[in-house]
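Q: Pasting structure-v7.cif here (mmCIF, C-alpha atoms (C1' of nucleotides)):
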```cif
data_input
#
loop_
_atom_site.label_atom_id
_atom_site.label_comp_id
_atom_site.auth_asym_id
_atom_site.auth_seq_id
_atom_site.Cartn_x
_atom_site.Cartn_y
_atom_site.Cartn_z
CA MET A 1 0.81 -13.11 -6.91
CA ASN A 2 -2.07 -12.48 -9.18
CA ILE A 3 -4.16 -9.53 -10.05
CA SER A 4 -7.69 -10.74 -9.51
CA ALA A 5 -10.17 -11.38 -12.26
CA LYS A 6 -12.13 -8.59 -10.67
CA SER A 7 -9.49 -6.04 -11.52
CA LYS A 8 -8.85 -7.43 -14.94
CA TYR A 9 -12.55 -7.45 -15.75
CA ALA A 10 -12.91 -3.95 -14.42
CA VAL A 11 -10.09 -2.50 -16.46
CA ARG A 12 -11.43 -4.06 -19.61
CA ALA A 13 -14.90 -2.83 -18.81
CA LEU A 14 -13.71 0.68 -18.10
CA VAL A 15 -11.81 0.78 -21.36
CA GLU A 16 -15.01 -0.15 -23.12
CA LEU A 17 -16.92 2.48 -21.22
CA ALA A 18 -14.32 5.10 -22.07
CA GLN A 19 -14.63 4.31 -25.74
CA ARG A 20 -18.34 4.95 -25.55
CA ASN A 21 -18.09 7.97 -23.37
CA GLY A 22 -20.85 10.31 -24.51
CA ASP A 23 -23.79 12.16 -23.02
CA GLN A 24 -25.68 8.99 -22.23
CA PRO A 25 -24.79 6.68 -19.39
CA VAL A 26 -24.07 3.14 -20.54
CA PRO A 27 -25.99 0.25 -18.97
CA ILE A 28 -23.95 -2.56 -17.49
CA ALA A 29 -25.70 -5.14 -19.61
CA ASP A 30 -24.12 -3.63 -22.73
CA ILE A 31 -20.61 -3.84 -21.39
CA SER A 32 -21.20 -7.24 -19.89
CA SER A 33 -22.17 -8.77 -23.19
CA ARG A 34 -19.51 -7.00 -25.21
CA LYS A 35 -16.70 -7.91 -22.91
CA GLU A 36 -17.98 -11.31 -21.87
CA ILE A 37 -18.14 -10.51 -18.20
CA PRO A 38 -20.84 -12.05 -15.99
CA LEU A 39 -23.53 -9.42 -15.63
CA GLN A 40 -24.13 -9.57 -11.92
CA PHE A 41 -20.47 -9.79 -11.20
CA LEU A 42 -19.77 -6.69 -13.19
CA GLU A 43 -22.57 -5.03 -11.29
CA GLN A 44 -20.63 -5.52 -8.09
CA LEU A 45 -17.45 -4.21 -9.61
CA PHE A 46 -19.03 -1.06 -10.95
CA SER A 47 -20.73 -0.53 -7.65
CA SER A 48 -17.32 -0.53 -5.97
CA LEU A 49 -15.95 1.80 -8.59
CA ARG A 50 -18.80 4.16 -7.93
CA LYS A 51 -18.09 4.10 -4.21
CA ALA A 52 -14.44 4.76 -5.03
CA GLY A 53 -15.48 7.92 -6.84
CA ILE A 54 -14.43 6.74 -10.26
CA LEU A 55 -17.88 6.22 -11.79
CA ASN A 56 -21.27 7.84 -11.63
CA SER A 57 -24.40 5.79 -11.74
CA HIS A 58 -27.83 6.70 -13.04
CA ARG A 59 -30.76 4.52 -12.19
CA GLY A 60 -33.89 3.78 -14.07
CA VAL A 61 -34.73 3.80 -17.72
CA ARG A 62 -31.87 5.11 -19.83
CA GLY A 63 -29.71 4.76 -16.77
CA GLY A 64 -26.29 3.22 -16.62
CA PHE A 65 -22.80 4.24 -15.71
CA SER A 66 -20.60 7.08 -16.77
CA PHE A 67 -17.23 8.36 -15.66
CA LYS A 68 -17.10 10.70 -12.72
CA MET A 69 -13.35 11.16 -13.06
CA MET A 70 -11.96 11.70 -16.49
CA PRO A 71 -10.70 8.46 -18.02
CA GLU A 72 -7.28 10.01 -18.50
CA ASP A 73 -7.09 10.59 -14.77
CA VAL A 74 -8.03 7.06 -13.78
CA SER A 75 -4.96 4.90 -13.48
CA VAL A 76 -4.99 1.13 -13.53
CA LEU A 77 -3.67 1.35 -10.00
CA ASP A 78 -6.76 3.27 -8.95
CA VAL A 79 -8.92 0.51 -10.30
CA VAL A 80 -6.93 -2.30 -8.77
CA GLU A 81 -6.85 -0.60 -5.40
CA ALA A 82 -10.58 0.06 -5.49
CA LEU A 83 -11.28 -3.62 -6.07
CA ASP A 84 -8.46 -5.62 -4.56
CA GLY A 85 -7.28 -3.19 -1.97
CA THR A 86 -3.67 -2.23 -1.64
CA VAL A 87 -1.34 -3.81 -4.11
CA ALA A 88 1.16 -4.95 -1.50
CA PRO A 89 2.69 -8.27 -2.43
CA ALA A 90 3.48 -9.02 1.20
CA SER A 91 1.65 -8.06 4.34
CA CYS A 92 4.56 -6.62 6.25
CA THR A 93 4.82 -3.88 3.67
CA ILE A 94 1.52 -2.37 4.69
CA GLY A 95 2.34 -0.89 8.01
CA ALA A 96 3.78 -2.45 11.12
CA PRO A 97 7.13 -4.14 10.75
CA CYS A 98 7.07 -7.85 10.30
CA ASP A 99 5.51 -9.18 13.47
CA LYS A 100 7.57 -12.35 13.55
CA GLN A 101 11.06 -10.94 13.74
CA GLU A 102 12.62 -7.84 15.17
CA THR A 103 15.25 -7.59 12.50
CA CYS A 104 13.90 -8.32 9.08
CA SER A 105 15.97 -7.36 6.09
CA VAL A 106 13.53 -9.13 3.84
CA GLN A 107 10.88 -6.52 4.37
CA ASP A 108 12.75 -4.06 2.18
CA VAL A 109 12.39 -6.36 -0.77
CA TRP A 110 8.63 -6.52 -0.48
CA VAL A 111 8.46 -2.77 -0.05
CA ASP A 112 10.49 -2.29 -3.22
CA ALA A 113 8.30 -4.76 -5.06
CA LYS A 114 5.22 -2.87 -3.99
CA SER A 115 6.65 0.45 -5.08
CA SER A 116 7.65 -0.79 -8.48
CA LEU A 117 4.26 -2.33 -9.07
CA GLU A 118 2.56 0.86 -8.04
CA ALA A 119 4.77 2.83 -10.36
CA VAL A 120 3.90 0.71 -13.36
CA LEU A 121 0.20 0.53 -12.62
CA SER A 122 -0.15 4.22 -11.95
CA GLU A 123 1.43 5.16 -15.24
CA ALA A 124 -1.21 3.48 -17.34
CA THR A 125 -4.56 5.23 -17.46
CA ILE A 126 -7.89 4.08 -18.74
CA GLY A 127 -7.83 6.94 -21.20
CA ASP A 128 -4.54 5.79 -22.70
CA LEU A 129 -5.70 2.24 -22.96
CA ALA A 130 -8.94 3.18 -24.64
CA GLN A 131 -7.06 5.18 -27.20
CA LYS A 132 -4.57 2.40 -27.86
CA GLU A 133 -7.37 -0.09 -28.20
CA SER A 134 -9.08 2.07 -30.78
CA LEU A 135 -5.90 2.32 -32.78
CA MET A 136 -5.40 -1.44 -32.61
CA LYS A 137 -8.88 -2.12 -33.84
CA ASN A 138 -8.36 0.18 -36.78
CA SER A 139 -5.02 -1.29 -37.71
CA THR A 140 -6.33 -4.86 -37.62
CA LYS A 141 -9.20 -3.79 -39.81
CA GLU A 142 -6.78 -2.33 -42.26
CA MET A 143 -4.96 -5.61 -42.45
CA TYR A 144 -7.92 -7.03 -44.25
CA TYR A 145 -8.19 -4.17 -46.68
CA ILE A 146 -4.56 -3.91 -47.69
CA MET B 1 -1.83 -9.65 -5.52
CA ASN B 2 0.09 -11.23 -2.73
CA ILE B 3 3.29 -13.07 -2.39
CA SER B 4 2.30 -16.25 -0.61
CA ALA B 5 3.23 -17.06 2.94
CA LYS B 6 5.14 -19.93 1.41
CA SER B 7 7.53 -17.60 -0.35
CA LYS B 8 7.85 -15.27 2.58
CA TYR B 9 8.56 -18.14 4.94
CA ALA B 10 11.04 -19.59 2.53
CA VAL B 11 13.00 -16.41 2.08
CA ARG B 12 13.25 -15.91 5.82
CA ALA B 13 14.28 -19.50 6.28
CA LEU B 14 16.92 -19.30 3.59
CA VAL B 15 18.36 -16.17 5.11
CA GLU B 16 18.67 -18.03 8.38
CA LEU B 17 20.27 -20.96 6.62
CA ALA B 18 22.72 -18.68 4.86
CA GLN B 19 23.78 -17.17 8.14
CA ARG B 20 24.61 -20.62 9.47
CA ASN B 21 26.23 -21.85 6.33
CA GLY B 22 29.08 -24.08 7.41
CA ASP B 23 30.29 -27.62 6.82
CA GLN B 24 27.33 -29.17 8.55
CA PRO B 25 23.85 -29.31 7.06
CA VAL B 26 21.23 -27.63 9.19
CA PRO B 27 18.11 -29.58 10.22
CA ILE B 28 14.75 -28.07 9.38
CA ALA B 29 13.65 -28.26 12.99
CA ASP B 30 16.27 -25.69 13.95
CA ILE B 31 15.14 -23.19 11.37
CA SER B 32 11.51 -23.89 12.06
CA SER B 33 11.80 -23.00 15.73
CA ARG B 34 14.07 -20.01 15.21
CA LYS B 35 11.89 -18.46 12.55
CA GLU B 36 8.55 -19.59 13.91
CA ILE B 37 7.56 -21.49 10.81
CA PRO B 38 5.41 -24.64 11.08
CA LEU B 39 7.81 -27.56 10.85
CA GLN B 40 5.97 -29.73 8.38
CA PHE B 41 5.10 -26.80 6.23
CA LEU B 42 8.72 -25.78 6.02
CA GLU B 43 9.56 -29.34 5.12
CA GLN B 44 7.41 -29.00 2.03
CA LEU B 45 8.99 -25.72 1.10
CA PHE B 46 12.54 -26.96 1.44
CA SER B 47 11.63 -30.03 -0.50
CA SER B 48 10.52 -27.81 -3.37
CA LEU B 49 13.67 -25.75 -3.10
CA ARG B 50 15.73 -28.91 -3.33
CA LYS B 51 13.87 -29.96 -6.44
CA ALA B 52 14.48 -26.49 -7.84
CA GLY B 53 18.21 -27.04 -7.41
CA ILE B 54 18.66 -24.38 -4.76
CA LEU B 55 19.25 -26.63 -1.76
CA ASN B 56 20.93 -29.91 -1.02
CA SER B 57 19.50 -32.32 1.48
CA HIS B 58 21.26 -34.88 3.62
CA ARG B 59 19.23 -37.57 5.28
CA GLY B 60 19.79 -39.42 8.47
CA VAL B 61 21.54 -38.49 11.68
CA ARG B 62 23.36 -35.18 11.41
CA GLY B 63 21.45 -34.58 8.23
CA GLY B 64 19.69 -31.42 7.21
CA PHE B 65 19.82 -28.89 4.42
CA SER B 66 22.60 -26.89 2.89
CA PHE B 67 22.88 -24.64 -0.12
CA LYS B 68 23.53 -26.19 -3.45
CA MET B 69 23.73 -22.83 -5.17
CA MET B 70 25.69 -20.11 -3.48
CA PRO B 71 23.44 -17.84 -1.43
CA GLU B 72 24.69 -14.84 -3.38
CA ASP B 73 23.44 -16.47 -6.55
CA VAL B 74 19.97 -17.22 -5.25
CA SER B 75 17.62 -14.35 -5.93
CA VAL B 76 14.35 -13.79 -4.19
CA LEU B 77 12.76 -14.28 -7.58
CA ASP B 78 14.27 -17.76 -7.79
CA VAL B 79 12.67 -18.62 -4.50
CA VAL B 80 9.29 -17.16 -5.31
CA GLU B 81 9.20 -18.88 -8.67
CA ALA B 82 10.17 -22.20 -7.15
CA LEU B 83 7.29 -22.00 -4.72
CA ASP B 84 4.55 -19.92 -6.29
CA GLY B 85 5.37 -20.46 -9.90
CA THR B 86 5.70 -17.59 -12.28
CA VAL B 87 5.25 -14.18 -10.79
CA ALA B 88 2.76 -13.04 -13.40
CA PRO B 89 0.17 -10.73 -11.93
CA ALA B 90 -2.28 -11.59 -14.66
CA SER B 91 -2.77 -14.75 -16.61
CA CYS B 92 -2.65 -13.29 -20.09
CA THR B 93 0.95 -12.29 -19.49
CA ILE B 94 2.08 -15.88 -19.38
CA GLY B 95 1.77 -16.93 -22.94
CA ALA B 96 -1.18 -16.86 -25.24
CA PRO B 97 -2.85 -13.52 -25.81
CA CYS B 98 -5.91 -12.78 -23.77
CA ASP B 99 -8.44 -15.40 -24.81
CA LYS B 100 -11.42 -13.11 -24.45
CA GLN B 101 -10.57 -10.37 -26.86
CA GLU B 102 -8.64 -10.14 -30.06
CA THR B 103 -7.41 -6.66 -29.39
CA CYS B 104 -6.32 -6.14 -25.83
CA SER B 105 -4.29 -3.10 -24.98
CA VAL B 106 -4.58 -3.94 -21.33
CA GLN B 107 -2.29 -6.89 -21.67
CA ASP B 108 0.72 -4.61 -22.01
CA VAL B 109 0.11 -3.23 -18.56
CA TRP B 110 0.22 -6.65 -16.94
CA VAL B 111 3.30 -7.55 -18.90
CA ASP B 112 5.02 -4.40 -17.68
CA ALA B 113 3.94 -5.12 -14.14
CA LYS B 114 5.38 -8.58 -14.36
CA SER B 115 8.68 -7.32 -15.73
CA SER B 116 9.09 -4.72 -13.07
CA LEU B 117 8.34 -7.20 -10.31
CA GLU B 118 10.81 -9.63 -11.74
CA ALA B 119 13.43 -6.93 -11.92
CA VAL B 120 13.04 -6.00 -8.28
CA LEU B 121 12.90 -9.57 -7.03
CA SER B 122 15.86 -10.72 -9.06
CA GLU B 123 18.08 -7.97 -7.74
CA ALA B 124 17.83 -9.08 -4.14
CA THR B 125 19.75 -12.23 -3.28
CA ILE B 126 19.66 -14.41 -0.21
CA GLY B 127 23.33 -13.66 0.33
CA ASP B 128 22.71 -9.91 0.43
CA LEU B 129 19.82 -10.29 2.79
CA ALA B 130 21.75 -12.52 5.15
CA GLN B 131 24.52 -9.99 5.28
CA LYS B 132 22.17 -7.11 5.90
CA GLU B 133 20.41 -9.03 8.59
CA SER B 134 23.70 -9.72 10.37
CA LEU B 135 24.55 -6.04 10.27
CA MET B 136 21.16 -5.14 11.64
CA LYS B 137 21.52 -7.57 14.49
CA ASN B 138 24.90 -6.17 15.37
CA SER B 139 23.76 -2.60 15.27
CA THR B 140 20.82 -3.31 17.54
CA LYS B 141 23.16 -5.09 19.92
CA GLU B 142 25.42 -2.10 19.93
CA MET B 143 22.54 0.11 20.88
CA TYR B 144 22.55 -1.54 24.25
CA TYR B 145 26.27 -1.18 24.75
CA ILE B 146 26.66 2.43 23.73
"C1'" DC C 1 23.06 -54.41 14.00
"C1'" DA C 2 19.96 -51.43 16.52
"C1'" DT C 3 18.67 -46.98 17.16
"C1'" DA C 4 17.55 -42.39 16.77
"C1'" DA C 5 17.85 -38.39 13.91
"C1'" DA C 6 16.82 -36.65 10.15
"C1'" DC C 7 14.56 -36.12 5.38
"C1'" DC C 8 10.72 -37.96 2.01
"C1'" DC C 9 6.13 -38.48 0.36
"C1'" DT C 10 1.20 -38.59 -0.14
"C1'" DA C 11 -3.05 -37.58 1.51
"C1'" DT C 12 -6.19 -34.68 3.54
"C1'" DA C 13 -8.09 -31.32 6.79
"C1'" DA C 14 -8.90 -26.51 7.70
"C1'" DT C 15 -9.19 -22.07 6.25
"C1'" DA C 16 -9.69 -18.29 3.43
"C1'" DC C 17 -10.45 -16.10 -0.72
"C1'" DT C 18 -12.34 -15.48 -5.24
"C1'" DT C 19 -15.82 -15.83 -8.40
"C1'" DA C 20 -20.47 -16.11 -9.44
"C1'" DT C 21 -25.49 -16.26 -8.79
"C1'" DC C 22 -30.11 -15.13 -6.81
"C1'" DG C 23 -33.85 -12.37 -5.68
"C1'" DA C 24 -36.12 -8.59 -4.03
"C1'" DA C 25 -36.07 -3.47 -3.55
"C1'" DA C 26 -35.53 1.27 -5.11
"C1'" DT C 27 -35.32 4.62 -8.73
"C1'" DT C 28 -36.60 6.97 -12.93
"C1'" DA C 29 -37.71 8.22 -18.04
"C1'" DT C 30 -41.40 7.81 -20.84
"C1'" DA D 1 -48.28 2.49 -14.89
"C1'" DT D 2 -44.51 0.29 -16.79
"C1'" DA D 3 -40.24 -1.28 -18.06
"C1'" DA D 4 -35.38 -0.44 -17.67
"C1'" DT D 5 -32.10 0.15 -14.69
"C1'" DT D 6 -29.08 0.29 -10.52
"C1'" DT D 7 -28.78 -1.31 -5.43
"C1'" DC D 8 -28.15 -4.37 -1.84
"C1'" DG D 9 -27.50 -8.41 0.93
"C1'" DA D 10 -27.15 -13.13 1.13
"C1'" DT D 11 -25.10 -17.10 -0.24
"C1'" DA D 12 -23.57 -20.73 -3.27
"C1'" DA D 13 -19.75 -22.73 -5.81
"C1'" DG D 14 -15.20 -23.10 -6.87
"C1'" DT D 15 -10.35 -22.73 -6.03
"C1'" DA D 16 -6.14 -21.85 -3.68
"C1'" DT D 17 -3.57 -21.48 0.40
"C1'" DT D 18 -2.01 -23.03 4.68
"C1'" DA D 19 -1.36 -26.55 7.80
"C1'" DT D 20 -1.34 -31.18 9.77
"C1'" DA D 21 -0.90 -36.26 9.92
"C1'" DG D 22 1.30 -40.43 9.46
"C1'" DG D 23 4.03 -43.71 7.65
"C1'" DG D 24 8.35 -44.61 4.84
"C1'" DT D 25 13.38 -44.20 3.85
"C1'" DT D 26 18.09 -43.12 4.71
"C1'" DT D 27 22.20 -42.85 7.52
"C1'" DA D 28 25.70 -41.76 11.32
"C1'" DT D 29 26.88 -43.68 15.32
"C1'" DG D 30 27.81 -46.63 19.21
#
```
Re-express the file's structure as structure tokens.
A:
Amino acid sequence: MNISAKSKYAVRALVELAQRNGDQPVPIADISSRKEIPLQFLEQLFSSLRKAGILNSHRGVRGGFSFKMMPEDVSVLDVVEALDGTVAPASCTIGAPCDKQETCSVQDVWVDAKSSLEAVLSEATIGDLAQKESLMKNSTKEMYYI
Amino acid sequence: MNISAKSKYAVRALVELAQRNGDQPVPIADISSRKEIPLQFLEQLFSSLRKAGILNSHRGVRGGFSFKMMPEDVSVLDVVEALDGTVAPASCTIGAPCDKQETCSVQDVWVDAKSSLEAVLSEATIGDLAQKESLMKNSTKEMYYI
DNA sequence: CATAAACCCTATAATACTTATCGAAATTAT
DNA sequence: ATAATTTCGATAAGTATTATAGGGTTTATG
């Protein structure tokens, strides 16, 4: 019952990328150092996100990653599903009814749990988070000036 | 992002136990064979549930387990927490703010996810599930008679 | 009191999954 | 040509989950 470090890293990294979203693609190394995420690990994550259609990659000098989808359209659920697969907290929620027992009232609970998780995670988008983060940074800065 | 087999086993086992709830404690071996759960593994689970105050145990001949709490008062969340620990989908939801970054808007998402999971899992009780299961069994039986 | 039926406990094996690293190859702007 | 990048596959390292083993303790019962 844990969202993997993969997903957590990826969301943080995408928020960073969204904040820098300009004409130029951003190299992984930048994000890696800023967000304290192992470089080669992040490489794998962004590669998956590219395959999932969320990011674009550009090789070579001045290469890097940029958003293919708009950050406001990328939900946290999208990210988690791209990296960890379906968010089902129990296997019998995925498809076939619980293989062990014919009658299984318990299944409904896991299905509900899955739905509610999906609902929460699909509401939050990378765009939102990036905006919030910017606001937070500003307000903490202000704390020093006031 | 998975509820462990432990928890899933345990919930199924408790539902079975609730259905047999009488004067006599029920031996683990019974539940193990009925629900196709490895005996010694189930032993560990029930031991944890006893320590969590959900079950009573009775040693010796005619011993076994019985509910200490009433099945209607035992939520699925209680069971999952007893076995898997807190249901937090991400570590920074547990206590201290995310250790990597001062400003972390992402944290809110995991906190929300946790809350919504807890809500769903605390609504379903072992008592409810046992009752549902009994109804399901009956209705499938009836299918043959009609 | 002897016995068998049960739980109790600790250790550890087996398995799977997650996280992380390595190194070489392909691409591309300059 | 070169240096900055992504790309890819392999695999190491670490951790957690699942399962098994074996001996110990309690207790109803005859």
Q: Around the point (2.7, -23.0, -2.7), in the coordinates given by the file, pick out the residues reaching within 9 Å, counting all atoms listed in the file, and return them as a ChimeraX atom specification.
A: /B:4-7,44-45,82-85 /D:16-18
Q: Would you write out those residues with C-alpha atoms (C1' of nucleotides), as a compact mmCIF listing (two decimals), in the frame of the given file?
A:
```
# COMPACT_ATOMS: atom_id res chain seq x y z
CA SER B 4 2.30 -16.25 -0.61
CA ALA B 5 3.23 -17.06 2.94
CA LYS B 6 5.14 -19.93 1.41
CA SER B 7 7.53 -17.60 -0.35
CA GLN B 44 7.41 -29.00 2.03
CA LEU B 45 8.99 -25.72 1.10
CA ALA B 82 10.17 -22.20 -7.15
CA LEU B 83 7.29 -22.00 -4.72
CA ASP B 84 4.55 -19.92 -6.29
CA GLY B 85 5.37 -20.46 -9.90
C1' DA D 16 -6.14 -21.85 -3.68
C1' DT D 17 -3.57 -21.48 0.40
C1' DT D 18 -2.01 -23.03 4.68
```
Q: Once chain A is superposed on chain B with a least-squares fit on all C-alpha pairs taken in order, can you show it as a short mmCIF file (atom, residue, chain, number, x, y, z; two decimals) with C-alpha atoms, in the coordinates of the input?
A:
```
data_model
loop_
_atom_site.label_atom_id
_atom_site.label_comp_id
_atom_site.auth_asym_id
_atom_site.auth_seq_id
_atom_site.Cartn_x
_atom_site.Cartn_y
_atom_site.Cartn_z
CA MET A 1 -1.77 -9.58 -5.38
CA ASN A 2 0.13 -11.18 -2.61
CA ILE A 3 3.32 -13.06 -2.32
CA SER A 4 2.34 -16.23 -0.52
CA ALA A 5 3.31 -17.06 3.01
CA LYS A 6 5.18 -19.93 1.46
CA SER A 7 7.57 -17.61 -0.31
CA LYS A 8 7.91 -15.28 2.61
CA TYR A 9 8.62 -18.16 4.97
CA ALA A 10 11.10 -19.61 2.53
CA VAL A 11 13.07 -16.43 2.08
CA ARG A 12 13.32 -15.94 5.80
CA ALA A 13 14.34 -19.54 6.26
CA LEU A 14 16.97 -19.34 3.56
CA VAL A 15 18.42 -16.21 5.09
CA GLU A 16 18.74 -18.08 8.34
CA LEU A 17 20.32 -21.02 6.60
CA ALA A 18 22.77 -18.75 4.82
CA GLN A 19 23.85 -17.24 8.10
CA ARG A 20 24.67 -20.68 9.40
CA ASN A 21 26.26 -21.90 6.26
CA GLY A 22 29.10 -24.16 7.34
CA ASP A 23 30.30 -27.70 6.75
CA GLN A 24 27.32 -29.24 8.49
CA PRO A 25 23.87 -29.40 6.98
CA VAL A 26 21.25 -27.71 9.14
CA PRO A 27 18.15 -29.67 10.17
CA ILE A 28 14.80 -28.13 9.39
CA ALA A 29 13.71 -28.31 12.99
CA ASP A 30 16.36 -25.74 13.91
CA ILE A 31 15.21 -23.23 11.35
CA SER A 32 11.58 -23.91 12.05
CA SER A 33 11.89 -23.04 15.70
CA ARG A 34 14.15 -20.05 15.17
CA LYS A 35 12.00 -18.49 12.53
CA GLU A 36 8.65 -19.57 13.90
CA ILE A 37 7.63 -21.50 10.84
CA PRO A 38 5.48 -24.64 11.14
CA LEU A 39 7.87 -27.56 10.93
CA GLN A 40 6.04 -29.75 8.47
CA PHE A 41 5.16 -26.83 6.31
CA LEU A 42 8.76 -25.78 6.07
CA GLU A 43 9.57 -29.35 5.19
CA GLN A 44 7.45 -29.03 2.09
CA LEU A 45 9.02 -25.74 1.14
CA PHE A 46 12.56 -27.00 1.45
CA SER A 47 11.62 -30.07 -0.49
CA SER A 48 10.51 -27.83 -3.35
CA LEU A 49 13.66 -25.79 -3.08
CA ARG A 50 15.68 -28.95 -3.33
CA LYS A 51 13.80 -30.01 -6.44
CA ALA A 52 14.43 -26.53 -7.84
CA GLY A 53 18.15 -27.10 -7.43
CA ILE A 54 18.63 -24.45 -4.80
CA LEU A 55 19.23 -26.71 -1.79
CA ASN A 56 20.89 -30.00 -1.06
CA SER A 57 19.44 -32.39 1.43
CA HIS A 58 21.17 -34.95 3.60
CA ARG A 59 19.13 -37.58 5.33
CA GLY A 60 19.67 -39.37 8.56
CA VAL A 61 21.49 -38.45 11.70
CA ARG A 62 23.37 -35.18 11.35
CA GLY A 63 21.41 -34.62 8.19
CA GLY A 64 19.67 -31.45 7.18
CA PHE A 65 19.81 -28.95 4.39
CA SER A 66 22.59 -26.97 2.86
CA PHE A 67 22.87 -24.70 -0.15
CA LYS A 68 23.52 -26.28 -3.50
CA MET A 69 23.73 -22.90 -5.21
CA MET A 70 25.70 -20.20 -3.52
CA PRO A 71 23.46 -17.91 -1.47
CA GLU A 72 24.73 -14.92 -3.42
CA ASP A 73 23.45 -16.54 -6.59
CA VAL A 74 19.98 -17.28 -5.29
CA SER A 75 17.66 -14.39 -5.96
CA VAL A 76 14.38 -13.83 -4.18
CA LEU A 77 12.78 -14.30 -7.57
CA ASP A 78 14.26 -17.78 -7.79
CA VAL A 79 12.68 -18.65 -4.50
CA VAL A 80 9.31 -17.17 -5.30
CA GLU A 81 9.20 -18.89 -8.66
CA ALA A 82 10.17 -22.22 -7.15
CA LEU A 83 7.28 -22.02 -4.69
CA ASP A 84 4.55 -19.92 -6.24
CA GLY A 85 5.34 -20.43 -9.86
CA THR A 86 5.69 -17.55 -12.24
CA VAL A 87 5.26 -14.15 -10.75
CA ALA A 88 2.79 -12.96 -13.37
CA PRO A 89 0.18 -10.70 -11.86
CA ALA A 90 -2.27 -11.53 -14.63
CA SER A 91 -2.74 -14.71 -16.58
CA CYS A 92 -2.66 -13.24 -20.05
CA THR A 93 0.94 -12.25 -19.48
CA ILE A 94 2.09 -15.84 -19.39
CA GLY A 95 1.74 -16.85 -22.96
CA ALA A 96 -1.24 -16.76 -25.27
CA PRO A 97 -2.85 -13.40 -25.79
CA CYS A 98 -5.89 -12.69 -23.72
CA ASP A 99 -8.40 -15.29 -24.78
CA LYS A 100 -11.41 -13.04 -24.35
CA GLN A 101 -10.59 -10.27 -26.78
CA GLU A 102 -8.70 -10.02 -30.01
CA THR A 103 -7.46 -6.54 -29.34
CA CYS A 104 -6.36 -6.06 -25.79
CA SER A 105 -4.30 -3.03 -24.94
CA VAL A 106 -4.56 -3.89 -21.29
CA GLN A 107 -2.27 -6.85 -21.64
CA ASP A 108 0.74 -4.59 -21.99
CA VAL A 109 0.16 -3.22 -18.54
CA TRP A 110 0.23 -6.63 -16.92
CA VAL A 111 3.33 -7.54 -18.88
CA ASP A 112 5.06 -4.39 -17.66
CA ALA A 113 3.97 -5.11 -14.11
CA LYS A 114 5.41 -8.58 -14.34
CA SER A 115 8.70 -7.33 -15.71
CA SER A 116 9.13 -4.72 -13.04
CA LEU A 117 8.38 -7.20 -10.30
CA GLU A 118 10.84 -9.64 -11.75
CA ALA A 119 13.46 -6.95 -11.93
CA VAL A 120 13.10 -6.03 -8.29
CA LEU A 121 12.94 -9.59 -7.03
CA SER A 122 15.89 -10.76 -9.06
CA GLU A 123 18.12 -8.02 -7.75
CA ALA A 124 17.89 -9.13 -4.15
CA THR A 125 19.79 -12.29 -3.29
CA ILE A 126 19.70 -14.46 -0.24
CA GLY A 127 23.37 -13.72 0.28
CA ASP A 128 22.76 -9.98 0.40
CA LEU A 129 19.88 -10.34 2.76
CA ALA A 130 21.80 -12.57 5.12
CA GLN A 131 24.59 -10.06 5.26
CA LYS A 132 22.24 -7.15 5.86
CA GLU A 133 20.48 -9.08 8.57
CA SER A 134 23.75 -9.74 10.33
CA LEU A 135 24.62 -6.07 10.24
CA MET A 136 21.20 -5.14 11.60
CA LYS A 137 21.51 -7.54 14.47
CA ASN A 138 24.87 -6.10 15.39
CA SER A 139 23.71 -2.52 15.20
CA THR A 140 20.66 -3.17 17.38
CA LYS A 141 22.90 -4.86 19.89
CA GLU A 142 25.11 -1.84 19.94
CA MET A 143 22.16 0.34 20.73
CA TYR A 144 22.04 -1.23 24.13
CA TYR A 145 25.72 -0.80 24.78
CA ILE A 146 26.09 2.81 23.72
#
```
Q: Any chance you could resolve the PyMOL selection byres ((chain A) within 7 of (chain B)) against this file and give the residues as a ChimeraX atom specification?
A: /A:1-3,87-90,103-106,109,112-113,116-117,120-121,124,129,132-133,136-137
Q: Name the residues within 12 Å of (17.3, -38.6, 9.1), counting all atoms listed in the file in the file's coordinates, and put them as a list in words.
A: Pro25, Val26, Pro27, Ile28, Ala29, Ser57, His58, Arg59, Gly60, Val61, Arg62, Gly63, Gly64 and Phe65 of chain B; DT3, DA4, DA5, DA6, DC7 and DC8 of chain C; DG24, DT25, DT26, DT27 and DA28 of chain D
Q: Can you list what the PyMOL selection byres ((chain C) within 8 of (chain A)) grabs from this structure, as a list of chain:residue names?
A: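 This file, filtered by the PyMOL selection byres ((chain C) within 8 of (chain A)), leaves C:DT18, C:DA20, C:DT21, C:DT27, C:DT28, C:DA29.
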Q: Report the distance between C1' of DT20 in chain D and CA of Lys51 in chain B in Å, rounded to one decimal place.
A: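 We find that C1' of DT20 in chain D and CA of Lys51 in chain B lie 22.3 Å from each other.
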Q: C1' of DA13 in chain D and CA of Ala13 in chain A are how many Å apart?
A: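 Spanning C1' of DA13 in chain D to CA of Ala13 in chain A is a straight-line distance of 24.3 Å.
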Q: Given the choices B:Gln19, B:Asp30, B:Leu14, B:Glu43, which gets closest to chain D if the distance is worked out from all atoms listed in the file?
A: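 The answer is B:Glu43, which sits nearest to chain D.
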Q: In Å, how far is it from CA of Pro71 in chain A to C1' of DA26 in chain C?
A: 28.9 Å
Q: Suppose a student applies the PyMOL selection byres ((chain D and resi 11) around 9) to this structure; what residues should they get, written as a PDB file with C-alpha atoms (C1' of nucleotides), in the frame of the given file?
A:
```pdb
ATOM      1  C1'  DT C  21     -25.490 -16.260  -8.790  1.00  0.00           C
ATOM      2  C1'  DC C  22     -30.110 -15.130  -6.810  1.00  0.00           C
TER       3       DC C  22
ATOM      4  C1'  DA D  10     -27.150 -13.130   1.130  1.00  0.00           C
ATOM      5  C1'  DA D  12     -23.570 -20.730  -3.270  1.00  0.00           C
TER       6       DA D  12
END
```
